[in-house]
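The structure appears below as structure tokens.
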Amino acid sequence: MTGLSWLVVGIAFVTTSVAPFNAGAEAKSKSVKRAVPPSKARGKSRARPVAASSTWVANPAVNGKDAYLILDATSGRPLSSEHADDLRHPASLTKLMTIYLALSALDSGRLSLGDGLPVSVNALNAPPTKMGLPPGGTVSVRDAIMALITRSANDAAVVLAEALGGDEASFAQMMTRKARQLGMNSTVYRNASGLPNRDQVTTARDLSRLAFALMRDFPHYYPIFSVQSYPYRGRVLENHNRMLGSYDGADGLKTGYTNASGFNLVMSAVRDNRRLIGVVMGGNSASQRDRLMAMLMDQGFASAESMRLSAWTSIRKPASARYTAASFDPSLIIPESAPKLAAPKAPAPPPVQAVAATAAPVQAEGSAPAATTLPIGSWVIQVGSFGDSQAAQLALERASSALTAPIRSNAAATIDEVQMANKTFHRARLVNLSQAQAIDGCKRLEKKKIYCSALEVTAWNTPNVR
């Protein structure tokens, strides 16, 4: 019996049956609150089996549902984990990446909060849970993002995907490329919502990296993840994340559920000036998952205190941010504007097997930039991973030419060779930058539709550092 199994067994419960196809919604469950000490729990879980969808074809690489990871957000140090690198289905945790790309588009100027995005037939036909969009109408970027955070609305995910990617399939490719840039080397996206797709996979570790990236890159927006309800067209969209109101210090992020994934949760909480990030996947019910998360987080805070880990230092918002979390206040009237044209469809990324990456810096061929061992705490602009060094070098040249002279004069171009599932990729980065230069430079590149990521070199994005 795995470590997660005895923790699950350690909380006795029963559940009602749940629908097999309902990404974004969490079925109500009744639970017995009497806890059994983990050291004495050895029987099997009494959760009722959930019926499988008749159209679902299992992915043989996904060998289970349960996984968890609790870590210290300041250092990236894991405090407890089980199956953290095993492939799992993300369900509506997928929407965290959809939100990431939407917030990035807001900061780069590609979207504005008041943009009225067209509601397509595909959006209207998205399975529940939905926010209830008007047929043939539009929805503001602000409403769409808040519907993802609270209602976990699949129709809103489709609208944002089509606005940013042209169509949902192209947007999923953008999501996967961004995942690689963020160090999420085991994650593959096939849609923007998390609706069942056998090839849409991730890991608990990758999701922790995404949660940290949302805090690091968008501290000026992060408070919106703690919003517990949001009004839309006379309705109130309630947040599915009940931990916001029940766990001391919890301030985000998101839940998810499908039959294939079980009940998932990514959350963060701050206590005594320490911030933890928690990922629990494969719960048998929403309430059991929440109790398991609370237990693991309590243990994590105790461990962090005994280890005397460094206190959390709030990340300052970028000086050039167009909006803040306050801009999402529904009482504020924002003028509706015409949305920007969808981004041109990008070529599909090279096929990547979803496994954890290892990397070995090597000298690039010919005159290509050489790989560099970067110090922890330095900043880089990553412009992508490519199938050959020549493509990586061309991307670096294009990105460098688009930067302002002061940033370009400081930046050094590097190419690292990364091995993933017996395939070689060439990671293109501009290094030797300050935090301000990396953030401002990446915003300038995205305005020119050169998609990038400003990264601090940490254990989160440095290969082989756990």
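In the structure tokens, each chain is lettered A, B, ... as it comes, each chain's residues begin at 1, and ligands are numbered from 1 in order of appearance.
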Write out as JSON, numbers by chain each polymer residue whose atoms come within 10 Å of range 125-133 of chain A, counting only C-alpha atoms; drop sequence neighbours fewer than 6 positions from it. {"A": [21, 22, 23, 24, 25, 26, 118, 119, 139, 143, 144, 146, 147, 148, 150, 151, 152, 153, 154, 155, 156, 157, 158, 159, 193, 195, 232, 233, 235, 236, 237]}
Just C-alpha atoms for this one: save the residues we selected as a CSV table (one decimal), in the first residue's frame.
```
chain,number,residue,atom,x,y,z
A,21,PHE,CA,-18.2,13.2,-17.6
A,22,ASN,CA,-18.4,16.5,-15.8
A,23,ALA,CA,-15.1,18.4,-15.9
A,24,GLY,CA,-15.3,21.6,-13.9
A,25,ALA,CA,-18.0,20.4,-11.5
A,26,GLU,CA,-17.6,18.5,-8.3
A,118,PRO,CA,-17.2,36.4,-29.5
A,119,VAL,CA,-19.1,33.3,-28.3
A,139,VAL,CA,-18.2,38.0,-23.1
A,143,ASP,CA,-15.9,37.8,-16.9
A,144,ALA,CA,-14.3,34.9,-18.8
A,146,MET,CA,-13.3,35.0,-13.4
A,147,ALA,CA,-15.6,32.3,-14.6
A,148,LEU,CA,-12.6,30.0,-15.0
A,150,THR,CA,-14.9,30.4,-9.8
A,151,ARG,CA,-17.3,28.4,-11.8
A,152,SER,CA,-14.5,26.5,-13.7
A,153,ALA,CA,-16.5,27.2,-16.9
A,154,ASN,CA,-15.7,25.1,-19.9
A,155,ASP,CA,-17.4,27.5,-22.3
A,156,ALA,CA,-15.2,30.4,-21.0
A,157,ALA,CA,-12.1,28.3,-21.6
A,158,VAL,CA,-13.1,27.7,-25.2
A,159,VAL,CA,-13.8,31.5,-25.8
A,193,SER,CA,-10.7,23.1,-20.2
A,195,LEU,CA,-12.5,17.9,-20.5
A,232,TYR,CA,-22.5,37.3,-14.0
A,233,ARG,CA,-25.8,38.2,-15.7
A,235,ARG,CA,-26.3,34.8,-11.4
A,236,VAL,CA,-23.6,34.1,-8.8
A,237,LEU,CA,-20.7,31.9,-9.9
```
If you run DSSP over the backbone, which residues in range 38-183 of chain A end up strand (DSSP E or B)? Put them as a list in words.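 Restricting range 38-183 of chain A to strand (DSSP E or B) produces Ala67, Tyr68, Leu69, Ile70, Leu71, Asp72, Pro78, Leu79, Ser80, Ser81, Glu82, Arg88, Asp115, Gly116, Leu117, Pro118, Thr138, Val139 and Ser140 of chain A.
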Requested write-out: all heavy atoms of the selected residues, as a compact mmCIF listing (two decimals), in the first residue's frame:
```
# COMPACT_ATOMS: atom_id res chain seq x y z
N ALA A 67 -1.89 10.97 -6.27
CA ALA A 67 -0.55 11.58 -6.19
C ALA A 67 -0.67 12.79 -5.29
O ALA A 67 -1.73 13.38 -5.15
CB ALA A 67 -0.04 11.99 -7.57
N TYR A 68 0.43 13.14 -4.64
CA TYR A 68 0.43 14.38 -3.89
C TYR A 68 1.85 14.93 -3.79
O TYR A 68 2.84 14.21 -3.94
CB TYR A 68 -0.20 14.23 -2.50
CG TYR A 68 0.59 13.42 -1.49
CD1 TYR A 68 1.66 13.98 -0.79
CD2 TYR A 68 0.23 12.10 -1.21
CE1 TYR A 68 2.37 13.24 0.15
CE2 TYR A 68 0.93 11.36 -0.27
CZ TYR A 68 2.00 11.94 0.41
OH TYR A 68 2.69 11.21 1.33
N LEU A 69 1.94 16.23 -3.54
CA LEU A 69 3.22 16.91 -3.34
C LEU A 69 2.96 18.15 -2.49
O LEU A 69 2.08 18.95 -2.82
CB LEU A 69 3.85 17.30 -4.67
CG LEU A 69 5.14 18.12 -4.61
CD1 LEU A 69 6.27 17.30 -3.99
CD2 LEU A 69 5.55 18.58 -6.01
N ILE A 70 3.68 18.29 -1.41
CA ILE A 70 3.63 19.48 -0.58
C ILE A 70 5.03 20.06 -0.55
O ILE A 70 6.00 19.33 -0.28
CB ILE A 70 3.18 19.17 0.87
CG1 ILE A 70 1.87 18.40 0.87
CG2 ILE A 70 3.08 20.46 1.68
CD1 ILE A 70 0.68 19.17 0.35
N LEU A 71 5.17 21.34 -0.85
CA LEU A 71 6.51 21.92 -0.85
C LEU A 71 6.50 23.36 -0.38
O LEU A 71 5.47 24.04 -0.34
CB LEU A 71 7.14 21.83 -2.24
CG LEU A 71 6.31 22.19 -3.46
CD1 LEU A 71 6.31 23.69 -3.65
CD2 LEU A 71 6.83 21.51 -4.69
N ASP A 72 7.69 23.79 0.01
CA ASP A 72 7.90 25.16 0.47
C ASP A 72 8.07 26.06 -0.73
O ASP A 72 8.93 25.82 -1.59
CB ASP A 72 9.15 25.20 1.35
CG ASP A 72 9.54 26.60 1.74
OD1 ASP A 72 8.73 27.29 2.39
OD2 ASP A 72 10.65 27.03 1.37
N PRO A 78 10.65 20.07 -1.51
CA PRO A 78 9.52 19.19 -1.20
C PRO A 78 9.53 18.81 0.28
O PRO A 78 10.58 18.52 0.86
CB PRO A 78 9.76 17.97 -2.08
CG PRO A 78 10.72 18.42 -3.13
CD PRO A 78 11.57 19.45 -2.47
N LEU A 79 8.35 18.83 0.89
CA LEU A 79 8.20 18.45 2.29
C LEU A 79 7.58 17.07 2.43
O LEU A 79 7.83 16.38 3.42
CB LEU A 79 7.36 19.49 3.03
CG LEU A 79 7.93 20.92 2.99
CD1 LEU A 79 6.97 21.89 3.66
CD2 LEU A 79 9.30 20.97 3.65
N SER A 80 6.78 16.67 1.47
CA SER A 80 6.25 15.31 1.41
C SER A 80 5.74 15.07 0.01
O SER A 80 5.32 16.01 -0.67
CB SER A 80 5.13 15.09 2.44
OG SER A 80 4.02 15.92 2.16
N SER A 81 5.77 13.83 -0.42
CA SER A 81 5.30 13.54 -1.79
C SER A 81 5.02 12.05 -1.95
O SER A 81 5.54 11.22 -1.20
CB SER A 81 6.34 13.97 -2.83
OG SER A 81 7.52 13.19 -2.73
N GLU A 82 4.20 11.75 -2.91
CA GLU A 82 3.90 10.37 -3.32
C GLU A 82 3.47 10.40 -4.78
O GLU A 82 2.57 11.16 -5.15
CB GLU A 82 2.80 9.78 -2.45
CG GLU A 82 2.55 8.29 -2.68
CD GLU A 82 3.62 7.41 -2.07
OE1 GLU A 82 4.11 7.73 -0.97
OE2 GLU A 82 3.99 6.41 -2.71
N ARG A 88 -0.63 11.83 -14.59
CA ARG A 88 -2.01 11.87 -14.15
C ARG A 88 -2.80 12.78 -15.09
O ARG A 88 -2.22 13.60 -15.81
CB ARG A 88 -2.12 12.43 -12.71
CG ARG A 88 -1.37 11.60 -11.66
CD ARG A 88 -2.06 10.28 -11.43
NE ARG A 88 -1.43 9.48 -10.39
CZ ARG A 88 -0.66 8.40 -10.61
NH1 ARG A 88 -0.40 8.04 -11.87
NH2 ARG A 88 -0.16 7.72 -9.62
N ASP A 115 -12.27 43.76 -23.50
CA ASP A 115 -12.47 43.16 -24.82
C ASP A 115 -13.68 42.24 -24.81
O ASP A 115 -13.80 41.36 -23.95
CB ASP A 115 -11.24 42.36 -25.25
CG ASP A 115 -10.09 43.23 -25.72
OD1 ASP A 115 -10.31 44.44 -25.90
OD2 ASP A 115 -8.98 42.71 -25.89
N GLY A 116 -14.58 42.44 -25.78
CA GLY A 116 -15.73 41.56 -25.93
C GLY A 116 -15.39 40.41 -26.85
O GLY A 116 -15.29 40.59 -28.07
N LEU A 117 -15.19 39.22 -26.30
CA LEU A 117 -14.78 38.06 -27.10
C LEU A 117 -16.02 37.35 -27.64
O LEU A 117 -16.98 37.11 -26.91
CB LEU A 117 -13.97 37.09 -26.23
CG LEU A 117 -12.74 37.69 -25.53
CD1 LEU A 117 -12.01 36.61 -24.74
CD2 LEU A 117 -11.81 38.37 -26.52
N PRO A 118 -16.01 37.00 -28.93
CA PRO A 118 -17.19 36.37 -29.53
C PRO A 118 -17.43 34.97 -28.97
O PRO A 118 -16.50 34.21 -28.71
CB PRO A 118 -16.82 36.32 -31.02
CG PRO A 118 -15.34 36.37 -31.06
CD PRO A 118 -14.91 37.22 -29.90
N THR A 138 -21.18 38.23 -26.94
CA THR A 138 -19.78 38.34 -26.54
C THR A 138 -19.69 38.23 -25.02
O THR A 138 -20.69 38.36 -24.31
CB THR A 138 -19.17 39.68 -26.99
OG1 THR A 138 -19.87 40.76 -26.33
CG2 THR A 138 -19.23 39.85 -28.49
N VAL A 139 -18.49 38.01 -24.55
CA VAL A 139 -18.22 37.99 -23.12
C VAL A 139 -16.91 38.74 -22.91
O VAL A 139 -15.97 38.61 -23.69
CB VAL A 139 -18.13 36.55 -22.58
CG1 VAL A 139 -17.01 35.76 -23.25
CG2 VAL A 139 -17.93 36.55 -21.06
N SER A 140 -16.84 39.54 -21.86
CA SER A 140 -15.62 40.30 -21.59
C SER A 140 -14.52 39.39 -21.10
O SER A 140 -14.77 38.33 -20.51
CB SER A 140 -15.88 41.40 -20.57
OG SER A 140 -16.04 40.86 -19.27
```
For Arg444 in chain A, please output as an NGL selection string all residues within 8 Å (counting only C-alpha atoms; exclusion window: fewer than 5 positions along the same chain). :A and (108 or 402-403)
Considering only C-alpha atoms, can you say which of A:Ile145, A:Val188, A:Leu296, A:Val280 comes closest to Tyr257 in chain A? A:Val280
Run DSSP on the backbone of this structure and report the residues of range 154-193 of chain A it assigns to alpha helix (DSSP H), as a PyMOL selection string. chain A and resi 154-165+168-181
Given the selection you just returned, output its residues as a file containing N, CA, C and O atoms, formatted as an mmCIF file, in the first residue's frame.
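And here is the file that came out, selection28.cif:
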```cif
data_model
loop_
_atom_site.group_PDB
_atom_site.id
_atom_site.type_symbol
_atom_site.label_atom_id
_atom_site.label_comp_id
_atom_site.auth_asym_id
_atom_site.auth_seq_id
_atom_site.Cartn_x
_atom_site.Cartn_y
_atom_site.Cartn_z
ATOM 1 N N ASN A 154 -16.312 25.674 -18.701
ATOM 2 C CA ASN A 154 -15.707 25.145 -19.921
ATOM 3 C C ASN A 154 -15.982 26.031 -21.129
ATOM 4 O O ASN A 154 -15.144 26.119 -22.033
ATOM 5 N N ASP A 155 -17.150 26.676 -21.169
ATOM 6 C CA ASP A 155 -17.425 27.549 -22.312
ATOM 7 C C ASP A 155 -16.497 28.764 -22.296
ATOM 8 O O ASP A 155 -16.034 29.216 -23.353
ATOM 9 N N ALA A 156 -16.173 29.294 -21.118
ATOM 10 C CA ALA A 156 -15.246 30.413 -21.029
ATOM 11 C C ALA A 156 -13.849 30.005 -21.478
ATOM 12 O O ALA A 156 -13.131 30.786 -22.114
ATOM 13 N N ALA A 157 -13.449 28.768 -21.163
ATOM 14 C CA ALA A 157 -12.138 28.282 -21.594
ATOM 15 C C ALA A 157 -12.043 28.244 -23.115
ATOM 16 O O ALA A 157 -11.024 28.616 -23.702
ATOM 17 N N VAL A 158 -13.112 27.796 -23.769
ATOM 18 C CA VAL A 158 -13.113 27.739 -25.240
ATOM 19 C C VAL A 158 -13.034 29.142 -25.831
ATOM 20 O O VAL A 158 -12.294 29.385 -26.793
ATOM 21 N N VAL A 159 -13.780 30.085 -25.269
ATOM 22 C CA VAL A 159 -13.761 31.463 -25.779
ATOM 23 C C VAL A 159 -12.356 32.047 -25.704
ATOM 24 O O VAL A 159 -11.858 32.649 -26.675
ATOM 25 N N LEU A 160 -11.693 31.904 -24.569
ATOM 26 C CA LEU A 160 -10.341 32.441 -24.425
ATOM 27 C C LEU A 160 -9.361 31.720 -25.351
ATOM 28 O O LEU A 160 -8.472 32.344 -25.939
ATOM 29 N N ALA A 161 -9.522 30.410 -25.487
ATOM 30 C CA ALA A 161 -8.634 29.646 -26.367
ATOM 31 C C ALA A 161 -8.753 30.118 -27.809
ATOM 32 O O ALA A 161 -7.743 30.288 -28.510
ATOM 33 N N GLU A 162 -9.977 30.345 -28.266
ATOM 34 C CA GLU A 162 -10.169 30.778 -29.651
ATOM 35 C C GLU A 162 -9.681 32.207 -29.859
ATOM 36 O O GLU A 162 -9.183 32.544 -30.940
ATOM 37 N N ALA A 163 -9.794 33.045 -28.838
ATOM 38 C CA ALA A 163 -9.325 34.428 -28.968
ATOM 39 C C ALA A 163 -7.803 34.485 -29.046
ATOM 40 O O ALA A 163 -7.235 35.276 -29.804
ATOM 41 N N LEU A 164 -7.119 33.641 -28.288
ATOM 42 C CA LEU A 164 -5.662 33.699 -28.218
ATOM 43 C C LEU A 164 -4.974 32.781 -29.215
ATOM 44 O O LEU A 164 -3.838 33.058 -29.629
ATOM 45 N N GLY A 165 -5.628 31.693 -29.591
ATOM 46 C CA GLY A 165 -4.974 30.736 -30.472
ATOM 47 C C GLY A 165 -5.609 30.563 -31.833
ATOM 48 O O GLY A 165 -5.066 29.850 -32.672
ATOM 49 N N GLU A 168 -9.112 25.998 -30.607
ATOM 50 C CA GLU A 168 -8.695 25.386 -29.353
ATOM 51 C C GLU A 168 -7.493 24.467 -29.530
ATOM 52 O O GLU A 168 -6.624 24.398 -28.653
ATOM 53 N N ALA A 169 -7.412 23.779 -30.666
ATOM 54 C CA ALA A 169 -6.276 22.880 -30.886
ATOM 55 C C ALA A 169 -4.966 23.664 -30.954
ATOM 56 O O ALA A 169 -3.950 23.245 -30.386
ATOM 57 N N SER A 170 -4.980 24.799 -31.654
ATOM 58 C CA SER A 170 -3.776 25.624 -31.740
ATOM 59 C C SER A 170 -3.420 26.209 -30.375
ATOM 60 O O SER A 170 -2.243 26.317 -30.013
ATOM 61 N N PHE A 171 -4.440 26.580 -29.616
ATOM 62 C CA PHE A 171 -4.188 27.109 -28.281
ATOM 63 C C PHE A 171 -3.570 26.036 -27.385
ATOM 64 O O PHE A 171 -2.690 26.331 -26.572
ATOM 65 N N ALA A 172 -4.011 24.793 -27.532
ATOM 66 C CA ALA A 172 -3.437 23.704 -26.742
ATOM 67 C C ALA A 172 -1.956 23.533 -27.042
ATOM 68 O O ALA A 172 -1.157 23.206 -26.152
ATOM 69 N N GLN A 173 -1.567 23.771 -28.289
ATOM 70 C CA GLN A 173 -0.146 23.731 -28.629
ATOM 71 C C GLN A 173 0.607 24.863 -27.931
ATOM 72 O O GLN A 173 1.725 24.666 -27.441
ATOM 73 N N MET A 174 -0.011 26.045 -27.879
ATOM 74 C CA MET A 174 0.589 27.159 -27.141
ATOM 75 C C MET A 174 0.747 26.799 -25.667
ATOM 76 O O MET A 174 1.762 27.107 -25.039
ATOM 77 N N MET A 175 -0.260 26.143 -25.110
ATOM 78 C CA MET A 175 -0.213 25.741 -23.713
ATOM 79 C C MET A 175 0.945 24.781 -23.451
ATOM 80 O O MET A 175 1.678 24.912 -22.461
ATOM 81 N N THR A 176 1.126 23.818 -24.347
ATOM 82 C CA THR A 176 2.199 22.839 -24.173
ATOM 83 C C THR A 176 3.564 23.503 -24.294
ATOM 84 O O THR A 176 4.490 23.188 -23.534
ATOM 85 N N ARG A 177 3.710 24.442 -25.242
ATOM 86 C CA ARG A 177 4.990 25.153 -25.369
ATOM 87 C C ARG A 177 5.285 25.964 -24.117
ATOM 88 O O ARG A 177 6.422 26.006 -23.629
ATOM 89 N N LYS A 178 4.267 26.638 -23.590
ATOM 90 C CA LYS A 178 4.482 27.408 -22.366
ATOM 91 C C LYS A 178 4.830 26.480 -21.208
ATOM 92 O O LYS A 178 5.666 26.825 -20.354
ATOM 93 N N ALA A 179 4.213 25.311 -21.169
ATOM 94 C CA ALA A 179 4.547 24.344 -20.122
ATOM 95 C C ALA A 179 6.033 23.999 -20.172
ATOM 96 O O ALA A 179 6.706 23.945 -19.130
ATOM 97 N N ARG A 180 6.569 23.780 -21.367
ATOM 98 C CA ARG A 180 8.002 23.477 -21.487
ATOM 99 C C ARG A 180 8.840 24.639 -20.973
ATOM 100 O O ARG A 180 9.851 24.444 -20.294
ATOM 101 N N GLN A 181 8.442 25.862 -21.306
ATOM 102 C CA GLN A 181 9.196 27.026 -20.860
ATOM 103 C C GLN A 181 9.196 27.158 -19.345
ATOM 104 O O GLN A 181 10.154 27.663 -18.762
#
```
Quick one: of A:Ala412, A:Met281, A:Ala102, A:Ala326, who's nearest to Asp66 in chain A, counting only C-alpha atoms? A:Met281
Record the distance separating CA of Ala58 in chain A and CA of Ser261 in chain A, expressed in Å with one decimal.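 Value for the CA of Ala58 in chain A-CA of Ser261 in chain A distance: 11.1 Å.
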Tell me which protein, DNA and RNA residues are within 12 Å of Tyr221 in chain A, counting only C-alpha atoms, leaving out same-chain ones fewer than 6 positions away, and put them as an MDAnalysis selection string. chainID A and resid 99:100 102:104 106:107 142 145:146 149 214:215 227 252:253 315:318 321:329
Quick one: pull the distance between CA of Leu210 in chain A and CA of Met184 in chain A, Å, one decimal. 7.5 Å
